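Have a look at query_28.txt; it's compact mmCIF, C-alpha atoms:
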```txt
# COMPACT_ATOMS: atom_id res chain seq x y z
CA MET A 518 17.11 17.96 32.65
CA LYS A 519 14.22 15.58 32.87
CA VAL A 520 13.55 13.71 29.65
CA GLN A 521 9.93 13.90 28.54
CA VAL A 522 8.70 10.88 26.65
CA VAL A 523 5.55 10.92 24.56
CA LYS A 524 4.20 7.51 25.53
CA ASN A 525 1.58 7.14 22.87
CA VAL A 526 2.00 8.82 19.54
CA LEU A 527 -1.63 8.07 18.75
CA ASP A 528 -2.80 9.94 21.88
CA ALA A 529 -0.79 12.96 20.79
CA ASN A 530 -2.30 12.71 17.31
CA ASP A 531 -5.82 12.42 18.70
CA ARG A 532 -5.50 15.70 20.60
CA ILE A 533 -4.68 17.58 17.40
CA ALA A 534 -7.38 15.69 15.50
CA ASP A 535 -9.92 16.90 18.08
CA GLU A 536 -8.73 20.48 17.58
CA ASN A 537 -9.08 20.11 13.80
CA ARG A 538 -12.56 18.65 14.31
CA ALA A 539 -13.63 21.59 16.48
CA LEU A 540 -12.34 24.02 13.86
CA PHE A 541 -14.23 22.23 11.06
CA ASP A 542 -17.41 22.33 13.17
CA ARG A 543 -17.05 26.07 13.77
CA LYS A 544 -16.52 26.64 10.05
CA ARG A 545 -19.30 24.17 9.09
CA ILE A 546 -17.00 22.15 6.87
CA HIS A 547 -17.58 18.48 6.17
CA VAL A 548 -14.33 16.51 5.87
CA ILE A 549 -13.72 13.07 4.41
CA ASN A 550 -10.49 11.11 4.70
CA LEU A 551 -10.04 9.06 1.51
CA MET A 552 -7.81 5.99 1.77
CA SER A 553 -6.77 3.07 -0.46
CA SER A 554 -3.84 1.09 -1.84
CA PRO A 555 -1.67 2.84 -4.43
CA GLY A 556 -3.47 3.10 -7.74
CA ALA A 557 -6.94 2.03 -6.57
CA GLY A 558 -8.48 5.22 -7.96
CA LYS A 559 -8.48 7.89 -5.23
CA THR A 560 -7.62 10.84 -7.45
CA SER A 561 -10.04 9.68 -10.15
CA LEU A 562 -12.79 9.54 -7.52
CA VAL A 563 -11.86 13.03 -6.30
CA GLU A 564 -12.08 14.37 -9.85
CA ARG A 565 -15.44 12.70 -10.52
CA THR A 566 -16.84 13.90 -7.19
CA ILE A 567 -15.73 17.48 -7.84
CA LEU A 568 -17.40 17.48 -11.26
CA ALA A 569 -20.62 16.06 -9.80
CA LEU A 570 -20.91 18.31 -6.75
CA ARG A 571 -19.06 21.56 -7.44
CA ASP A 572 -22.18 23.42 -8.52
CA ARG A 573 -23.80 22.60 -5.20
CA TYR A 574 -20.94 22.78 -2.67
CA ARG A 575 -17.72 24.73 -2.30
CA ILE A 576 -15.02 22.07 -2.34
CA GLY A 577 -11.37 22.08 -1.29
CA VAL A 578 -8.84 19.25 -1.50
CA ILE A 579 -5.77 18.26 0.53
CA GLU A 580 -3.52 15.81 -1.30
CA GLY A 581 -1.12 13.57 0.60
CA ASP A 582 1.84 12.04 -1.23
CA ILE A 583 5.37 10.94 -0.46
CA GLN A 584 6.60 13.52 -2.96
CA ASP A 585 5.52 15.40 -6.11
CA THR A 586 2.38 17.42 -6.80
CA CYS A 587 0.77 15.54 -9.68
CA ASP A 588 -2.47 14.78 -7.81
CA ALA A 589 -2.89 18.37 -6.58
CA ASP A 590 -2.18 19.55 -10.12
CA ARG A 591 -5.01 17.35 -11.43
CA VAL A 592 -7.40 18.89 -8.88
CA ALA A 593 -6.23 22.46 -9.44
CA ALA A 594 -6.81 21.97 -13.17
CA LEU A 595 -10.52 21.72 -12.29
CA GLY A 596 -10.40 25.17 -10.65
CA ILE A 597 -10.63 23.76 -7.12
CA PRO A 598 -8.37 24.98 -4.28
CA ALA A 599 -5.85 22.25 -3.52
CA VAL A 600 -3.01 21.91 -1.04
CA GLN A 601 -0.31 19.28 -1.46
CA ILE A 602 1.26 17.66 1.60
CA ASN A 603 4.55 15.89 0.84
CA THR A 604 5.30 13.47 3.64
CA GLY A 605 8.91 13.01 2.53
CA GLY A 606 8.81 9.24 3.00
CA GLY A 607 6.00 9.02 5.55
CA CYS A 608 3.38 6.39 4.70
CA HIS A 609 0.29 8.18 6.06
CA LEU A 610 -1.14 11.60 6.93
CA ASP A 611 -1.56 12.65 10.54
CA ALA A 612 -3.58 15.35 12.26
CA ASN A 613 -0.70 17.78 12.52
CA MET A 614 0.02 17.63 8.78
CA ILE A 615 -3.64 18.49 8.17
CA ARG A 616 -3.45 21.40 10.63
CA GLU A 617 -0.45 22.78 8.76
CA ALA A 618 -2.14 22.30 5.39
CA LEU A 619 -5.28 24.20 6.46
CA ALA A 620 -3.29 27.43 6.33
CA GLY A 621 -3.38 27.04 2.55
CA LEU A 622 -7.19 26.97 2.32
CA ASP A 623 -9.82 29.68 2.93
CA LEU A 624 -11.97 27.87 5.49
CA ASP A 625 -14.74 30.48 5.28
CA ALA A 626 -15.26 29.60 1.63
CA LEU A 627 -15.65 25.81 1.87
CA ASP A 628 -18.43 23.30 2.57
CA LEU A 629 -16.42 20.15 1.91
CA ILE A 630 -12.77 19.18 2.21
CA ILE A 631 -11.67 15.94 0.63
CA VAL A 632 -8.38 14.68 2.08
CA GLU A 633 -6.66 12.17 -0.18
CA ASN A 634 -4.35 10.11 1.99
CA VAL A 635 -1.08 8.43 0.96
CA GLY A 636 -1.67 5.22 -1.01
CA ASN A 637 -1.43 2.58 1.72
CA LEU A 638 -3.95 0.10 3.08
CA VAL A 639 -2.31 -0.10 6.52
CA CYS A 640 -1.25 2.97 8.51
CA PRO A 641 -3.62 5.72 7.27
CA ALA A 642 -6.47 3.93 9.07
CA GLU A 643 -4.67 4.34 12.42
CA PHE A 644 -4.44 8.14 12.38
CA ARG A 645 -7.48 10.35 12.94
CA ILE A 646 -7.13 13.71 11.23
CA GLY A 647 -10.38 15.32 12.44
CA GLU A 648 -12.49 13.91 9.62
CA ASN A 649 -16.25 13.33 9.69
CA ALA A 650 -15.79 10.01 7.97
CA LYS A 651 -13.13 7.72 6.62
CA VAL A 652 -13.90 6.53 3.10
CA MET A 653 -11.93 3.69 1.52
CA ILE A 654 -11.56 2.40 -2.01
CA LEU A 655 -10.86 -1.23 -2.79
CA SER A 656 -10.18 -1.90 -6.46
CA THR A 657 -11.20 -5.22 -7.97
CA PRO A 658 -7.71 -6.18 -9.30
CA GLU A 659 -6.44 -6.18 -5.69
CA GLY A 660 -8.42 -9.35 -5.00
CA ALA A 661 -11.10 -10.47 -2.58
CA ASP A 662 -8.74 -11.45 0.24
CA LYS A 663 -8.08 -7.87 1.35
CA PRO A 664 -10.63 -7.68 4.24
CA ALA A 665 -8.98 -10.72 5.84
CA LYS A 666 -5.49 -9.29 5.40
CA TYR A 667 -6.01 -5.57 6.16
CA PRO A 668 -8.96 -5.57 8.58
CA LEU A 669 -8.43 -2.23 10.33
CA ILE A 670 -9.19 -0.03 7.34
CA PHE A 671 -12.47 -1.89 6.76
CA GLN A 672 -13.36 -1.53 10.45
CA LYS A 673 -12.63 2.20 10.56
CA SER A 674 -14.32 3.24 7.30
CA ALA A 675 -17.92 4.43 6.95
CA VAL A 676 -17.91 3.75 3.21
CA MET A 677 -16.15 1.34 0.90
CA LEU A 678 -16.18 2.11 -2.80
CA LEU A 679 -15.48 -1.05 -4.74
CA ASN A 680 -13.81 0.48 -7.79
CA LYS A 681 -12.86 -0.78 -11.26
CA THR A 682 -16.00 -2.86 -11.68
CA ASP A 683 -15.44 -2.43 -15.44
CA LEU A 684 -12.56 -4.94 -15.08
CA LEU A 685 -14.70 -7.65 -13.43
CA PRO A 686 -15.22 -9.63 -16.67
CA HIS A 687 -11.41 -9.98 -16.93
CA LEU A 688 -10.68 -10.97 -13.31
CA ASP A 689 -11.22 -13.88 -10.94
CA PHE A 690 -12.80 -11.65 -8.31
CA ASP A 691 -15.33 -12.95 -5.78
CA LEU A 692 -17.64 -9.98 -5.25
CA ALA A 693 -19.92 -11.84 -2.82
CA LYS A 694 -16.93 -12.87 -0.67
CA VAL A 695 -15.49 -9.35 -0.39
CA ARG A 696 -18.92 -7.93 0.53
CA HIS A 697 -19.45 -10.65 3.13
CA ASP A 698 -15.99 -10.36 4.66
CA ALA A 699 -16.04 -6.55 4.75
CA LEU A 700 -19.47 -6.50 6.40
CA SER A 701 -18.35 -9.15 8.87
CA LEU A 702 -15.65 -6.73 10.01
CA ASN A 703 -17.97 -3.72 10.01
CA ARG A 704 -21.71 -4.25 9.69
CA ASP A 705 -22.28 -0.49 9.33
CA LEU A 706 -20.08 -0.24 6.24
CA THR A 707 -21.86 1.33 3.27
CA ILE A 708 -20.69 -0.25 0.01
CA PHE A 709 -20.90 1.26 -3.47
CA GLU A 710 -19.84 -0.66 -6.58
CA VAL A 711 -18.38 1.85 -9.02
CA SER A 712 -16.15 2.45 -11.98
CA CYS A 713 -14.34 5.78 -11.78
CA ARG A 714 -13.19 5.13 -15.33
CA THR A 715 -16.68 4.88 -16.87
CA GLY A 716 -18.64 6.71 -14.16
CA GLU A 717 -20.94 3.74 -13.65
CA GLY A 718 -22.45 3.35 -10.18
CA LEU A 719 -21.24 6.71 -8.83
CA ASP A 720 -24.62 8.47 -8.43
CA PRO A 721 -25.46 6.72 -5.12
CA TRP A 722 -22.05 7.80 -3.79
CA TYR A 723 -22.70 11.44 -4.73
CA ARG A 724 -26.13 11.24 -3.04
CA TRP A 725 -24.61 9.70 0.10
CA LEU A 726 -21.95 12.39 0.34
CA ALA A 727 -24.43 15.23 -0.34
CA GLY A 728 -26.68 13.80 2.37
CA GLN A 729 -23.79 13.89 4.84
CA ILE A 730 -22.92 17.50 3.98
CA ASP A 731 -26.56 18.61 4.14
CA GLY A 732 -27.01 16.77 7.43
CA ASP A 733 -24.06 18.67 8.90
CA ALA A 734 -25.49 21.97 7.71
CA ALA A 735 -28.93 21.16 9.16
CA ARG A 736 -27.37 20.30 12.55
CA SER A 737 -25.28 23.48 12.55
CA SER A 738 -28.25 25.77 11.81
CA ARG A 739 -30.44 24.37 14.56
CA MET B 228 19.39 6.22 35.70
CA LYS B 229 20.64 7.47 32.40
CA VAL B 230 18.05 7.21 29.62
CA GLN B 231 19.36 5.47 26.53
CA VAL B 232 17.87 6.71 23.30
CA VAL B 233 18.11 4.80 20.05
CA LYS B 234 18.84 7.66 17.71
CA ASN B 235 18.24 5.96 14.43
CA VAL B 236 15.91 3.02 14.20
CA LEU B 237 17.28 2.27 10.75
CA ASP B 238 20.84 1.99 12.12
CA ALA B 239 19.61 -0.52 14.70
CA ASN B 240 17.82 -2.45 11.96
CA ASP B 241 20.91 -2.47 9.74
CA ARG B 242 23.01 -4.11 12.43
CA ILE B 243 20.60 -7.05 12.63
CA ALA B 244 20.28 -7.17 8.84
CA ASP B 245 24.07 -7.54 8.62
CA GLU B 246 23.93 -10.44 11.10
CA ASN B 247 21.18 -12.11 9.05
CA ARG B 248 23.27 -11.58 5.91
CA ALA B 249 26.32 -13.20 7.50
CA LEU B 250 24.21 -16.18 8.57
CA PHE B 251 22.77 -16.60 5.06
CA ASP B 252 26.29 -16.49 3.61
CA ARG B 253 27.50 -19.16 6.02
CA LYS B 254 24.54 -21.36 5.11
CA ARG B 255 24.84 -20.54 1.38
CA ILE B 256 21.24 -19.36 1.13
CA HIS B 257 20.10 -16.82 -1.44
CA VAL B 258 17.39 -14.49 -0.09
CA ILE B 259 15.01 -12.22 -1.97
CA ASN B 260 12.77 -9.60 -0.37
CA LEU B 261 9.57 -9.38 -2.42
CA MET B 262 7.60 -6.13 -2.16
CA SER B 263 4.52 -4.55 -3.76
CA SER B 264 1.20 -2.84 -3.15
CA PRO B 265 -1.59 -5.01 -1.73
CA GLY B 266 -2.95 -7.36 -4.37
CA ALA B 267 -0.27 -6.80 -7.00
CA GLY B 268 0.45 -10.53 -7.17
CA LYS B 269 3.23 -11.36 -4.69
CA THR B 270 1.82 -14.69 -3.51
CA SER B 271 0.92 -15.71 -7.06
CA LEU B 272 4.51 -15.02 -8.09
CA VAL B 273 5.81 -17.03 -5.13
CA GLU B 274 3.60 -19.97 -6.15
CA ARG B 275 4.68 -19.80 -9.80
CA THR B 276 8.35 -19.50 -8.82
CA ILE B 277 8.14 -22.49 -6.49
CA LEU B 278 6.55 -24.65 -9.20
CA ALA B 279 9.21 -23.59 -11.72
CA LEU B 280 12.28 -24.00 -9.51
CA ARG B 281 11.51 -26.53 -6.78
CA ASP B 282 13.05 -29.45 -8.68
CA ARG B 283 16.32 -27.53 -8.89
CA TYR B 284 16.57 -25.67 -5.58
CA ARG B 285 15.43 -26.25 -2.00
CA ILE B 286 13.08 -23.34 -1.32
CA GLY B 287 11.66 -21.87 1.89
CA VAL B 288 9.26 -18.96 2.29
CA ILE B 289 8.69 -16.32 4.97
CA GLU B 290 5.30 -14.62 4.67
CA GLY B 291 4.70 -11.18 6.18
CA ASP B 292 1.14 -10.06 6.87
CA ILE B 293 -0.69 -7.85 9.34
CA GLN B 294 -2.62 -10.90 10.48
CA ASP B 295 -3.87 -14.30 9.25
CA THR B 296 -1.96 -17.15 7.60
CA CYS B 297 -3.66 -17.48 4.22
CA ASP B 298 -0.51 -16.75 2.19
CA ALA B 299 1.61 -19.21 4.20
CA ASP B 300 -1.18 -21.77 3.82
CA ARG B 301 -1.04 -21.35 0.02
CA VAL B 302 2.72 -21.98 0.07
CA ALA B 303 2.53 -24.88 2.51
CA ALA B 304 -0.06 -26.50 0.22
CA LEU B 305 2.77 -26.84 -2.32
CA GLY B 306 4.84 -28.84 0.18
CA ILE B 307 7.27 -25.97 0.80
CA PRO B 308 8.40 -24.97 4.31
CA ALA B 309 6.73 -21.66 5.18
CA VAL B 310 6.82 -19.40 8.22
CA GLN B 311 4.17 -16.72 8.75
CA ILE B 312 5.11 -13.43 10.43
CA ASN B 313 2.09 -11.50 11.72
CA THR B 314 3.13 -7.89 12.27
CA GLY B 315 -0.02 -7.12 14.29
CA GLY B 316 -0.58 -3.81 12.53
CA GLY B 317 2.95 -3.07 11.39
CA CYS B 318 3.20 -2.05 7.74
CA HIS B 319 6.57 -3.66 6.88
CA LEU B 320 8.99 -6.40 7.87
CA ASP B 321 12.25 -5.58 9.61
CA ALA B 322 15.48 -7.49 10.16
CA ASN B 323 14.58 -8.61 13.67
CA MET B 324 11.28 -10.16 12.55
CA ILE B 325 13.24 -12.15 9.96
CA ARG B 326 15.77 -13.27 12.59
CA GLU B 327 12.91 -14.54 14.75
CA ALA B 328 11.24 -16.29 11.81
CA LEU B 329 14.44 -18.14 10.85
CA ALA B 330 14.00 -20.36 13.91
CA GLY B 331 11.09 -21.92 12.03
CA LEU B 332 13.19 -23.00 9.03
CA ASP B 333 15.94 -25.63 8.65
CA LEU B 334 18.68 -23.44 7.22
CA ASP B 335 20.87 -26.42 6.35
CA ALA B 336 18.19 -27.66 3.95
CA LEU B 337 17.61 -24.51 1.87
CA ASP B 338 19.15 -22.84 -1.18
CA LEU B 339 16.62 -20.02 -1.53
CA ILE B 340 14.40 -18.11 0.89
CA ILE B 341 11.69 -15.92 -0.59
CA VAL B 342 10.48 -13.29 1.89
CA GLU B 343 7.08 -11.90 0.95
CA ASN B 344 6.79 -8.50 2.61
CA VAL B 345 3.60 -6.77 3.81
CA GLY B 346 1.62 -5.26 0.92
CA ASN B 347 2.84 -1.66 0.94
CA LEU B 348 4.72 0.41 -1.63
CA VAL B 349 6.27 2.71 0.99
CA CYS B 350 7.96 1.45 4.17
CA PRO B 351 9.15 -2.06 3.23
CA ALA B 352 11.75 -0.43 0.94
CA GLU B 353 13.31 1.36 3.93
CA PHE B 354 14.17 -1.73 5.97
CA ARG B 355 17.00 -4.09 5.00
CA ILE B 356 16.39 -7.62 6.23
CA GLY B 357 19.67 -9.20 5.10
CA GLU B 358 18.44 -10.00 1.60
CA ASN B 359 20.60 -10.47 -1.49
CA ALA B 360 18.13 -8.47 -3.55
CA LYS B 361 14.91 -6.54 -3.25
CA VAL B 362 12.40 -7.52 -5.94
CA MET B 363 9.28 -5.44 -6.52
CA ILE B 364 6.05 -6.05 -8.39
CA LEU B 365 4.07 -3.26 -10.01
CA SER B 366 0.71 -4.35 -11.37
CA THR B 367 -0.69 -2.65 -14.45
CA PRO B 368 -4.02 -1.58 -12.85
CA GLU B 369 -2.07 0.55 -10.35
CA GLY B 370 -1.20 2.99 -13.11
CA ALA B 371 1.95 4.39 -14.68
CA ASP B 372 2.40 7.26 -12.18
CA LYS B 373 3.79 5.02 -9.45
CA PRO B 374 7.53 5.63 -10.04
CA ALA B 375 6.95 9.37 -9.63
CA LYS B 376 4.90 8.89 -6.46
CA TYR B 377 6.78 6.07 -4.70
CA PRO B 378 10.38 6.50 -5.90
CA LEU B 379 12.27 4.76 -3.08
CA ILE B 380 11.05 1.25 -3.84
CA PHE B 381 12.09 1.63 -7.47
CA GLN B 382 15.50 2.94 -6.40
CA LYS B 383 16.11 0.09 -3.95
CA SER B 384 14.95 -2.83 -6.09
CA ALA B 385 17.17 -4.93 -8.36
CA VAL B 386 14.17 -6.23 -10.29
CA MET B 387 10.72 -4.93 -11.15
CA LEU B 388 8.15 -7.43 -12.35
CA LEU B 389 5.43 -5.60 -14.23
CA ASN B 390 2.52 -7.94 -13.50
CA LYS B 391 -1.01 -8.38 -14.87
CA THR B 392 0.02 -7.70 -18.46
CA ASP B 393 -3.05 -9.78 -19.42
CA LEU B 394 -5.17 -6.77 -18.36
CA LEU B 395 -3.36 -4.28 -20.63
CA PRO B 396 -6.03 -4.39 -23.37
CA HIS B 397 -8.59 -3.21 -20.78
CA LEU B 398 -6.55 -0.42 -19.18
CA ASP B 399 -5.19 3.03 -20.03
CA PHE B 400 -1.68 2.07 -19.00
CA ASP B 401 1.40 3.73 -20.48
CA LEU B 402 3.97 0.94 -20.52
CA ALA B 403 6.67 3.10 -22.14
CA LYS B 404 6.24 5.79 -19.49
CA VAL B 405 6.52 3.42 -16.53
CA ARG B 406 9.63 1.80 -18.01
CA HIS B 407 11.19 5.19 -18.67
CA ASP B 408 10.36 6.64 -15.25
CA ALA B 409 11.46 3.53 -13.37
CA LEU B 410 14.78 3.40 -15.24
CA SER B 411 15.29 7.12 -14.64
CA LEU B 412 15.15 6.38 -10.91
CA ASN B 413 17.36 3.29 -11.18
CA ARG B 414 19.22 2.59 -14.40
CA ASP B 415 20.29 -0.84 -13.10
CA LEU B 416 16.69 -2.00 -12.63
CA THR B 417 15.94 -5.26 -14.46
CA ILE B 418 12.35 -5.25 -15.74
CA PHE B 419 10.25 -8.30 -16.62
CA GLU B 420 6.75 -7.98 -18.11
CA VAL B 421 4.71 -10.90 -16.80
CA SER B 422 1.29 -12.27 -16.06
CA CYS B 423 1.25 -14.45 -12.94
CA ARG B 424 -2.30 -15.40 -13.92
CA THR B 425 -1.44 -16.86 -17.34
CA GLY B 426 2.27 -17.54 -16.75
CA GLU B 427 3.25 -15.44 -19.74
CA GLY B 428 6.66 -13.78 -19.59
CA LEU B 429 7.84 -15.56 -16.44
CA ASP B 430 10.63 -17.70 -17.95
CA PRO B 431 13.16 -14.82 -18.06
CA TRP B 432 12.43 -14.17 -14.35
CA TYR B 433 13.07 -17.81 -13.45
CA ARG B 434 16.33 -17.70 -15.41
CA TRP B 435 17.39 -14.47 -13.70
CA LEU B 436 16.70 -15.88 -10.25
CA ALA B 437 18.42 -19.20 -11.00
CA GLY B 438 21.44 -17.25 -12.25
CA GLN B 439 21.59 -15.34 -8.97
CA ILE B 440 21.39 -18.51 -6.88
CA ASP B 441 23.99 -20.32 -9.01
CA GLY B 442 26.25 -17.27 -8.87
CA ASP B 443 26.11 -17.34 -5.09
CA ALA B 444 26.92 -21.04 -5.03
CA ALA B 445 29.85 -20.54 -7.41
CA ARG B 446 31.27 -17.74 -5.25
CA SER B 447 30.87 -19.81 -2.07
CA SER B 448 32.65 -22.86 -3.50
CA ARG B 449 35.66 -20.93 -4.71
```

Now that the file is in, can you turn its structure into structure tokens?
Amino acid sequence: MKVQVVKNVLDANDRIADENRALFDRKRIHVINLMSSPGAGKTSLVERTILALRDRYRIGVIEGDIQDTCDADRVAALGIPAVQINTGGGCHLDANMIREALAGLDLDALDLIIVENVGNLVCPAEFRIGENAKVMILSTPEGADKPAKYPLIFQKSAVMLLNKTDLLPHLDFDLAKVRHDALSLNRDLTIFEVSCRTGEGLDPWYRWLAGQIDGDAARSSR
Amino acid sequence: MKVQVVKNVLDANDRIADENRALFDRKRIHVINLMSSPGAGKTSLVERTILALRDRYRIGVIEGDIQDTCDADRVAALGIPAVQINTGGGCHLDANMIREALAGLDLDALDLIIVENVGNLVCPAEFRIGENAKVMILSTPEGADKPAKYPLIFQKSAVMLLNKTDLLPHLDFDLAKVRHDALSLNRDLTIFEVSCRTGEGLDPWYRWLAGQIDGDAARSSR
């Protein structure tokens, strides 16, 4: 027997990501891959975004967690279809997990899928899942040194939401530095300063996301 | 040619961790493996701990980061020997990285090595490095659902420092729930409520750590 060795796990992942992407295009579904450290506010952003956009778009959610279903439960409580992926110890989602999860969603009844990745500022950024865009959250209590220490996620993201701005008066956080360092890594990064707790600053994010979904729809109908 | 396959990467890691452990025992060095999410306050705790204990113990530090040397620079500024490991994308430290880093420290001149792991609540907990104890930080802005979502790190740690208590008045953080859920996962977990920013609550941590180091020394001299 000859032993087959998969030389590059990322190549293998990319092939499935491309298949997911082609499926999303056929179904005219916009997909965002939401990433951050644990506790930066991903699920709160998902909830806020659902409430803001659910009258306009049909939304589904895929939740990625090591274990448990508490995030998917929060989404389902809003009447939104949600699938929970439990990675069983794995620190990121990959394209194949997304492919498996899609069986739990009616793809003919969705305009937007929000994928909430495992809380981790490192590995999720390495794995394409077939998304239109990677969106990251950095929360102010994490500190302004994060672009220097975790550059890949800033380089790969289209959007950074700088969350928990309501805590700024209580922190030593250098907003100008984090903006400068993030844009130095990725000059195309769109930055929104928000508080998912108070709702402040979120309207531009909703408009950005709606523009992306509408742009997809316009391209598909040409 | 027969193809050799390493069946269990964790088994391979454990063998090197045991060798590191034996070396630390011979040299009478106490080693802690410090883990948390990005920005929870690991380096601030290292700085505070150095200032509190450096007159009593000879301390060295190993810093783990994806890239850059800013944490090691902060430690070196205190006059403490520090070695920086750059994982180049890797999301955790392993036993072999520690073995390599030890070449940069004079093991005959140390009582305590603090290893600051990569900021990540998932994978660092899976890899033994030869430490006496794993110590984790959970910061209050991360939220009280973290034990349910990232159980392994709570199960593997001897100590949890609940950091950023100075922010509690500004957060919806359920302190009783996080204590209960963490202790449900690990009834031997020692919990300290601290603020590395103000210094509040840190004395019991210094006493705990000193007790561990002195206990080691007492056992070695028997």

Pull the closest atom pair for each residue of stretch 245-273 of chain B that gets at most 9 Å from stretch 418-440 of chain B, along with the distance in Å to one decimal, counting only C-alpha atoms, ordering rows by chain and then ascending residue number, as CSV.
```
residue,atom,partner,partner_atom,distance
B:Ile256,CA,B:Ile440,CA,8.1
B:His257,CA,B:Ile440,CA,5.8
B:Val258,CA,B:Ile440,CA,8.8
B:Gly268,CA,B:Cys423,CA,7.0
B:Ser271,CA,B:Cys423,CA,6.0
B:Leu272,CA,B:Cys423,CA,5.9
```

*May I ask you to extract the residues of chain A within 8 Å of chain B, using all atoms listed in the file, and to give them as a PyMOL selection string?*
chain A and resi 520+554-557+582-585+606-608+637-640+658-660+663+665-667+684+687

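Here atom CA of A:Leu678 stands at a distance of 13.1 Å from atom CA of A:Thr560.
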
*Would you mind listing what lies within 9 Å of B:Val362 as an MDAnalysis selection string, with all atoms listed in the file counted and same-chain residues fewer than 5 positions away left out?*
chainID B and resid 259:263 383:388

Centre and edges of the stretch 555-558 of chain A box, axis-aligned, 6 Å extra per side, as AutoDock Vina command-line options:
```
--center_x -5.1 --center_y 3.6 --center_z -6.2 --size_x 18.8 --size_y 15.2 --size_z 15.5
```

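Separating atom CA of B:Pro396 from atom CA of A:Pro686 is a distance of 12.5 Å.
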
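Here atom CA of B:Asp245 and atom CA of B:Glu290 stand 20.4 Å from one another.
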
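Of the listed residues (A:Ala620, A:Asp731, A:Leu655, A:Val578), A:Leu655 comes nearest to A:Ala699; the distances count only C-alpha atoms.
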
_When you look at B:Val236 with a cut-off of 12 Å (counting only C-alpha atoms), what residues show up, excluding the ones that are within fewer than 2 positions of it in the same chain? I need them as a PyMOL selection string._
chain B and resi 232-234+238-243+321-323+353-355

*Neighbour list for stretch 563-576 of chain A as number ranges by chain, cut-off 8 Å, all atoms listed in the file, skip fewer than 3 positions in-chain*: A: 559-560, 591-592, 595, 597-598, 626-631, 713, 716, 723, 727
